[in-house]
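J.: What follows is target.cif, mmCIF, C-alpha atoms.
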```cif
data_input
loop_
_atom_site.label_atom_id
_atom_site.label_comp_id
_atom_site.auth_asym_id
_atom_site.auth_seq_id
_atom_site.Cartn_x
_atom_site.Cartn_y
_atom_site.Cartn_z
CA MET O 1 -45.70 97.78 56.73
CA ILE O 2 -47.18 94.49 55.60
CA VAL O 3 -47.02 91.08 57.21
CA ARG O 4 -47.35 88.10 54.90
CA PRO O 5 -46.64 84.37 54.77
CA ALA O 6 -42.95 83.63 54.24
CA GLU O 7 -41.90 82.21 50.90
CA ASP O 8 -38.82 80.19 49.91
CA ARG O 9 -37.30 83.32 48.37
CA ASP O 10 -37.31 84.94 51.85
CA ALA O 11 -34.84 82.47 53.37
CA HIS O 12 -31.79 84.75 53.07
CA ALA O 13 -33.62 87.71 54.65
CA ILE O 14 -35.00 85.54 57.46
CA TRP O 15 -31.53 84.20 58.23
CA LYS O 16 -30.15 87.75 58.22
CA ILE O 17 -32.61 88.49 61.05
CA MET O 18 -32.23 85.20 62.89
CA GLU O 19 -28.46 84.90 62.93
CA PRO O 20 -27.61 87.89 65.17
CA VAL O 21 -30.49 87.04 67.52
CA ILE O 22 -29.36 83.43 67.89
CA ARG O 23 -25.66 84.31 68.18
CA ALA O 24 -26.35 86.90 70.89
CA GLY O 25 -27.80 84.25 73.22
CA GLU O 26 -30.04 86.77 74.97
CA THR O 27 -33.62 85.94 73.97
CA TYR O 28 -33.97 82.48 72.40
CA ALA O 29 -33.21 79.07 73.86
CA LEU O 30 -31.47 77.95 70.69
CA PRO O 31 -27.84 76.85 70.32
CA ARG O 32 -25.71 79.94 69.74
CA ASP O 33 -23.75 78.04 67.07
CA MET O 34 -26.89 76.82 65.25
CA SER O 35 -26.32 76.51 61.52
CA ARG O 36 -28.26 78.46 58.93
CA GLU O 37 -29.89 75.27 57.65
CA ALA O 38 -30.94 74.09 61.10
CA ALA O 39 -32.27 77.52 62.09
CA LEU O 40 -34.32 77.93 58.92
CA ALA O 41 -35.66 74.39 59.22
CA TYR O 42 -36.67 75.05 62.83
CA TRP O 43 -38.35 78.36 61.94
CA ARG O 44 -40.10 77.41 58.70
CA THR O 45 -40.90 73.69 58.86
CA ALA O 46 -44.28 72.24 59.83
CA PRO O 47 -45.91 72.40 62.27
CA TYR O 48 -44.72 76.02 62.13
CA GLN O 49 -46.15 78.54 59.67
CA ALA O 50 -43.63 81.32 59.05
CA PHE O 51 -44.43 84.95 58.25
CA VAL O 52 -42.36 88.03 57.43
CA ALA O 53 -42.87 91.73 58.04
CA GLU O 54 -41.88 94.05 55.20
CA ASP O 55 -41.31 97.78 55.43
CA ALA O 56 -40.64 99.67 52.20
CA GLY O 57 -39.88 96.36 50.46
CA GLU O 58 -37.32 95.22 53.07
CA ILE O 59 -37.96 92.22 55.34
CA VAL O 60 -37.49 93.58 58.87
CA GLY O 61 -39.12 90.89 61.00
CA THR O 62 -40.32 87.33 61.07
CA TYR O 63 -42.57 85.21 63.23
CA HIS O 64 -43.81 81.67 63.28
CA LEU O 65 -47.10 80.23 64.50
CA ARG O 66 -48.17 76.74 65.53
CA ALA O 67 -50.40 74.92 67.99
CA ASN O 68 -48.74 75.04 71.40
CA GLN O 69 -49.58 71.40 72.09
CA GLN O 70 -51.30 68.51 70.38
CA GLY O 71 -54.60 66.90 71.31
CA GLY O 72 -56.31 68.60 74.23
CA GLY O 73 -53.98 71.62 74.01
CA ALA O 74 -54.27 72.15 70.26
CA HIS O 75 -56.69 75.08 70.66
CA VAL O 76 -53.88 77.24 72.13
CA ALA O 77 -51.50 78.90 69.66
CA ASN O 78 -47.80 79.54 70.19
CA CYS O 79 -45.61 82.08 68.39
CA GLY O 80 -42.01 83.24 68.26
CA TYR O 81 -40.97 86.64 66.89
CA MET O 82 -37.70 88.16 65.73
CA THR O 83 -37.12 91.73 64.61
CA ALA O 84 -34.10 92.76 62.58
CA PRO O 85 -31.57 94.39 64.95
CA TRP O 86 -31.34 97.42 62.63
CA ALA O 87 -35.12 97.92 62.73
CA THR O 88 -35.99 97.81 66.43
CA GLY O 89 -38.19 100.52 67.90
CA ARG O 90 -40.33 100.89 64.76
CA GLY O 91 -43.39 98.91 65.90
CA ILE O 92 -42.50 95.80 63.93
CA ALA O 93 -42.91 93.32 66.81
CA ARG O 94 -46.25 94.93 67.70
CA ALA O 95 -47.45 94.64 64.10
CA MET O 96 -46.34 91.01 63.89
CA CYS O 97 -48.01 90.14 67.19
CA LEU O 98 -51.28 91.79 66.15
CA HIS O 99 -51.10 89.91 62.85
CA SER O 100 -50.42 86.63 64.65
CA LEU O 101 -53.34 87.14 67.05
CA GLU O 102 -55.72 87.69 64.14
CA THR O 103 -54.23 84.81 62.13
CA ALA O 104 -54.59 82.51 65.14
CA ARG O 105 -58.21 83.60 65.66
CA VAL O 106 -59.04 82.96 62.00
CA GLN O 107 -57.43 79.52 62.25
CA GLY O 108 -59.68 78.65 65.19
CA PHE O 109 -57.28 79.02 68.10
CA ARG O 110 -58.91 80.24 71.31
CA ALA O 111 -55.80 81.46 73.15
CA MET O 112 -52.10 82.15 72.68
CA GLN O 113 -49.28 81.16 74.99
CA PHE O 114 -45.62 82.11 75.00
CA ASN O 115 -43.75 79.30 76.73
CA PHE O 116 -40.38 80.92 77.33
CA VAL O 117 -40.05 84.72 77.41
CA VAL O 118 -36.65 85.62 78.83
CA SER O 119 -37.30 87.92 81.79
CA THR O 120 -34.43 90.27 80.91
CA ASN O 121 -36.08 90.94 77.53
CA GLU O 122 -37.98 93.76 79.20
CA ARG O 123 -39.11 95.48 75.99
CA ALA O 124 -40.78 92.27 74.81
CA VAL O 125 -42.38 91.62 78.21
CA ARG O 126 -43.83 95.17 78.25
CA LEU O 127 -45.04 94.82 74.67
CA TRP O 128 -46.76 91.48 75.26
CA GLN O 129 -48.40 92.84 78.41
CA SER O 130 -49.64 95.90 76.50
CA LEU O 131 -51.28 93.49 74.05
CA GLY O 132 -53.15 91.67 76.80
CA PHE O 133 -50.75 88.88 77.76
CA ALA O 134 -50.41 88.05 81.44
CA VAL O 135 -47.48 86.37 83.13
CA VAL O 136 -48.95 83.08 84.32
CA GLY O 137 -45.73 81.36 85.30
CA ARG O 138 -42.09 81.99 86.14
CA LEU O 139 -39.33 79.45 85.57
CA PRO O 140 -36.52 80.45 87.96
CA GLY O 141 -33.08 80.44 86.34
CA ALA O 142 -34.37 78.54 83.31
CA PHE O 143 -32.39 80.52 80.70
CA ASN O 144 -28.63 80.81 80.58
CA HIS O 145 -28.21 84.38 79.30
CA SER O 146 -24.94 85.12 77.52
CA ALA O 147 -24.32 88.26 79.62
CA HIS O 148 -26.34 87.78 82.84
CA GLY O 149 -25.99 84.07 83.53
CA ASP O 150 -29.07 82.19 84.68
CA VAL O 151 -32.20 84.34 84.49
CA ASP O 152 -35.90 83.56 84.77
CA ALA O 153 -38.13 82.67 81.86
CA LEU O 154 -41.79 83.69 81.84
CA VAL O 155 -44.86 81.87 80.58
CA MET O 156 -47.31 84.41 79.14
CA TYR O 157 -50.91 83.80 78.06
CA ARG O 158 -53.97 85.54 76.69
CA ALA O 159 -57.35 84.42 75.47
CA LEU O 160 -58.36 85.21 71.91
#
```
Turn this file's structure into structure tokens for me.
T.:
Amino acid sequence: MIVRPAEDRDAHAIWKIMEPVIRAGETYALPRDMSREAALAYWRTAPYQAFVAEDAGEIVGTYHLRANQQGGGAHVANCGYMTAPWATGRGIARAMCLHSLETARVQGFRAMQFNFVVSTNERAVRLWQSLGFAVVGRLPGAFNHSAHGDVDALVMYRAL
């Protein structure tokens, strides 16, 4: 598997990954009816840098990286990750996170923070914890999950 910067030619493959994740309403605080154009603009437009994960020539994941805040908080990176629903359980999210941690380090970030990890996304929470992220905050009922109603969102952080 390789992880590389996303290119314009990857837009269709990125949308193919994003659409079912957004429509499900289980892990991202994005409108479930978000259009393709709006979703791709959100994911790939500055200040975000978008990346894709390829396995055997197929794009199976995507992530984006940016500074979490401006000014005094600009040394902390922020990322969002999506894995193709048909490719879960193959280590893609782990590979993308490891890539993002190294990319952030190279770019001079000193930490990474995830602002809004849906607590019911237990696989992601376990994965981020296994990669050194700690839960540093809990936002009670902050996410309206499509199946479970209001659930907590977690703030996760690790130094680089």
J.: Work out how far apart atom CA of Ala50 of chain O and atom CA of Arg66 of chain O are and give it in Å to one decimal.
T.: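 Value for the atom CA of Ala50 of chain O-atom CA of Arg66 of chain O distance: 9.1 Å.
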J.: So which one's closest to Ala147 of chain O, O:Glu19, O:Glu58, O:Glu26, O:Asp8? Using all atoms listed in the file, please.
T.: O:Glu26
J.: Rounded to one decimal in Å, what is the spacing between atom CA of Ser130 of chain O and atom CA of Arg105 of chain O?
T.: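 Interatomic distance, atom CA of Ser130 of chain O to atom CA of Arg105 of chain O: 18.5 Å.
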J.: Box in all listed atoms of segment 122-135 of chain O, axis-aligned, with 6 Å more on each side; write out centre and edge lengths in Å to one decimal as JSON.
T.:
```
{"center_x": -45.6, "center_y": 91.1, "center_z": 78.6, "size_x": 27.2, "size_y": 21.5, "size_z": 21.1}
```
J.: Can you spell out as a list in words the set of residues that the PyMOL selection byres ((chain O and resi 40) around 10) selects in the structure I just provided?
T.: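 Against this file, the PyMOL selection byres ((chain O and resi 40) around 10) returns the residues Ala11, His12, Ile14, Trp15, Met18, Glu19, Met34, Ser35, Arg36, Glu37, Ala38, Ala39, Ala41, Tyr42, Trp43, Arg44, Thr45 and Ala50 of chain O.
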J.: Can I get the selection written as a PDB file, in the frame of the given file, with C-alpha atoms?
T.:
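File written: again_0.pdb
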```pdb
ATOM      1  CA  ALA O  11     -34.840  82.470  53.370  1.00  0.00           C
ATOM      2  CA  HIS O  12     -31.790  84.750  53.070  1.00  0.00           C
ATOM      3  CA  ILE O  14     -35.000  85.540  57.460  1.00  0.00           C
ATOM      4  CA  TRP O  15     -31.530  84.200  58.230  1.00  0.00           C
ATOM      5  CA  MET O  18     -32.230  85.200  62.890  1.00  0.00           C
ATOM      6  CA  GLU O  19     -28.460  84.900  62.930  1.00  0.00           C
ATOM      7  CA  MET O  34     -26.890  76.820  65.250  1.00  0.00           C
ATOM      8  CA  SER O  35     -26.320  76.510  61.520  1.00  0.00           C
ATOM      9  CA  ARG O  36     -28.260  78.460  58.930  1.00  0.00           C
ATOM     10  CA  GLU O  37     -29.890  75.270  57.650  1.00  0.00           C
ATOM     11  CA  ALA O  38     -30.940  74.090  61.100  1.00  0.00           C
ATOM     12  CA  ALA O  39     -32.270  77.520  62.090  1.00  0.00           C
ATOM     13  CA  ALA O  41     -35.660  74.390  59.220  1.00  0.00           C
ATOM     14  CA  TYR O  42     -36.670  75.050  62.830  1.00  0.00           C
ATOM     15  CA  TRP O  43     -38.350  78.360  61.940  1.00  0.00           C
ATOM     16  CA  ARG O  44     -40.100  77.410  58.700  1.00  0.00           C
ATOM     17  CA  THR O  45     -40.900  73.690  58.860  1.00  0.00           C
ATOM     18  CA  ALA O  50     -43.630  81.320  59.050  1.00  0.00           C
TER      19      ALA O  50
END
```
J.: Between O:Tyr81, O:Leu65, O:Gly91, O:Arg4, which one has atoms that come closest to Ala46 of chain O, using all atoms listed in the file?
T.: O:Leu65
J.: To one decimal place in Å, what is the distance between atom CA of Gly89 of chain O and atom CA of Ala159 of chain O?
T.: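 Rounded to one decimal, the two atoms are 26.1 Å apart.
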J.: Which neighbours of Gly132 of chain O fall inside 12 Å, counting only C-alpha atoms, when residues of the same chain fewer than 6 positions from it are skipped, and could you give them as JSON, numbers by chain?
T.: {"O": [94, 97, 98, 101, 111, 112, 113, 125, 126, 156, 157, 158, 159, 160]}
J.: So which residues touch Val117 of chain O within 7 Å, counting all atoms listed in the file, skipping near sequence neighbours fewer than 3 positions away, as JSON, numbers by chain?
T.: {"O": [114, 153, 154, 155]}
J.: Filtering to C-alpha atoms, could you give me those residues as an mmCIF file, in the frame of the given file?
T.:
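Wrote again.cif, looks like this:
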```
data_model
loop_
_atom_site.group_PDB
_atom_site.id
_atom_site.type_symbol
_atom_site.label_atom_id
_atom_site.label_comp_id
_atom_site.auth_asym_id
_atom_site.auth_seq_id
_atom_site.Cartn_x
_atom_site.Cartn_y
_atom_site.Cartn_z
ATOM 1 C CA PHE O 114 -45.620 82.110 75.000
ATOM 2 C CA ALA O 153 -38.130 82.670 81.860
ATOM 3 C CA LEU O 154 -41.790 83.690 81.840
ATOM 4 C CA VAL O 155 -44.860 81.870 80.580
#
```
J.: Could you expand the PyMOL selection byres ((chain O and resi 140) around 7) into the explicit residues it covers here, written as a list in words?
T.: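 When the PyMOL selection byres ((chain O and resi 140) around 7) is applied, the selected residues are Arg138, Leu139, Gly141, Ala142, Val151, Asp152 and Ala153 of chain O.
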J.: Excluding Phe51 of chain O and residues on its chain fewer than 5 positions from it, collect all residues at most 7 Å away from it, counting only C-alpha atoms, and give them as a compact mmCIF listing (two decimals) with C-alpha atoms, in the coordinates of the input.
T.:
```txt
# COMPACT_ATOMS: atom_id res chain seq x y z
CA VAL O 3 -47.02 91.08 57.21
CA ARG O 4 -47.35 88.10 54.90
CA PRO O 5 -46.64 84.37 54.77
CA ALA O 6 -42.95 83.63 54.24
CA THR O 62 -40.32 87.33 61.07
CA TYR O 63 -42.57 85.21 63.23
CA HIS O 64 -43.81 81.67 63.28
```
J.: With distances taken over all atoms listed in the file, which of O:Thr120, O:Asn78, O:Thr88, O:Ser100 is nearest to Phe143 of chain O?
T.: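 So, comparing all the options, the nearest one is O:Thr120.
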J.: Using all atoms listed in the file, pick whichever of O:Gln49, O:Thr27, O:Gln107, O:Asn121 has the shortest atom-to-atom distance to Cys79 of chain O.
T.: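 Checking each of O:Gln49, O:Thr27, O:Gln107, O:Asn121 against Cys79 of chain O, counting all atoms listed in the file, the winner is O:Gln49.
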J.: Please determine, counting only C-alpha atoms, which residue among O:Val52, O:Ala67, O:Asp33, O:Lys16 has the shortest atom-to-atom distance to Ala95 of chain O.
T.: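 So, comparing all the options, the nearest one is O:Val52.
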J.: Just want the 7 Å neighbourhood of Asn68 of chain O, counted on all atoms listed in the file, with same-chain residues fewer than 6 positions away dropped. Output as a PyMOL selection string.
T.: chain O and resi 74+76-78
J.: Keeping only C-alpha atoms, write those residues as an mmCIF file, keeping the file's coordinate frame.
T.:
```cif
data_model
loop_
_atom_site.group_PDB
_atom_site.id
_atom_site.type_symbol
_atom_site.label_atom_id
_atom_site.label_comp_id
_atom_site.auth_asym_id
_atom_site.auth_seq_id
_atom_site.Cartn_x
_atom_site.Cartn_y
_atom_site.Cartn_z
ATOM 1 C CA ALA O 74 -54.270 72.150 70.260
ATOM 2 C CA VAL O 76 -53.880 77.240 72.130
ATOM 3 C CA ALA O 77 -51.500 78.900 69.660
ATOM 4 C CA ASN O 78 -47.800 79.540 70.190
#
```
J.: Counting all atoms listed in the file, select every polymer residue within 7 Å of (-41.5, 98.5, 58.8) as defined in the file's coordinates, and provide the selection as a count of residues only.
T.: 8
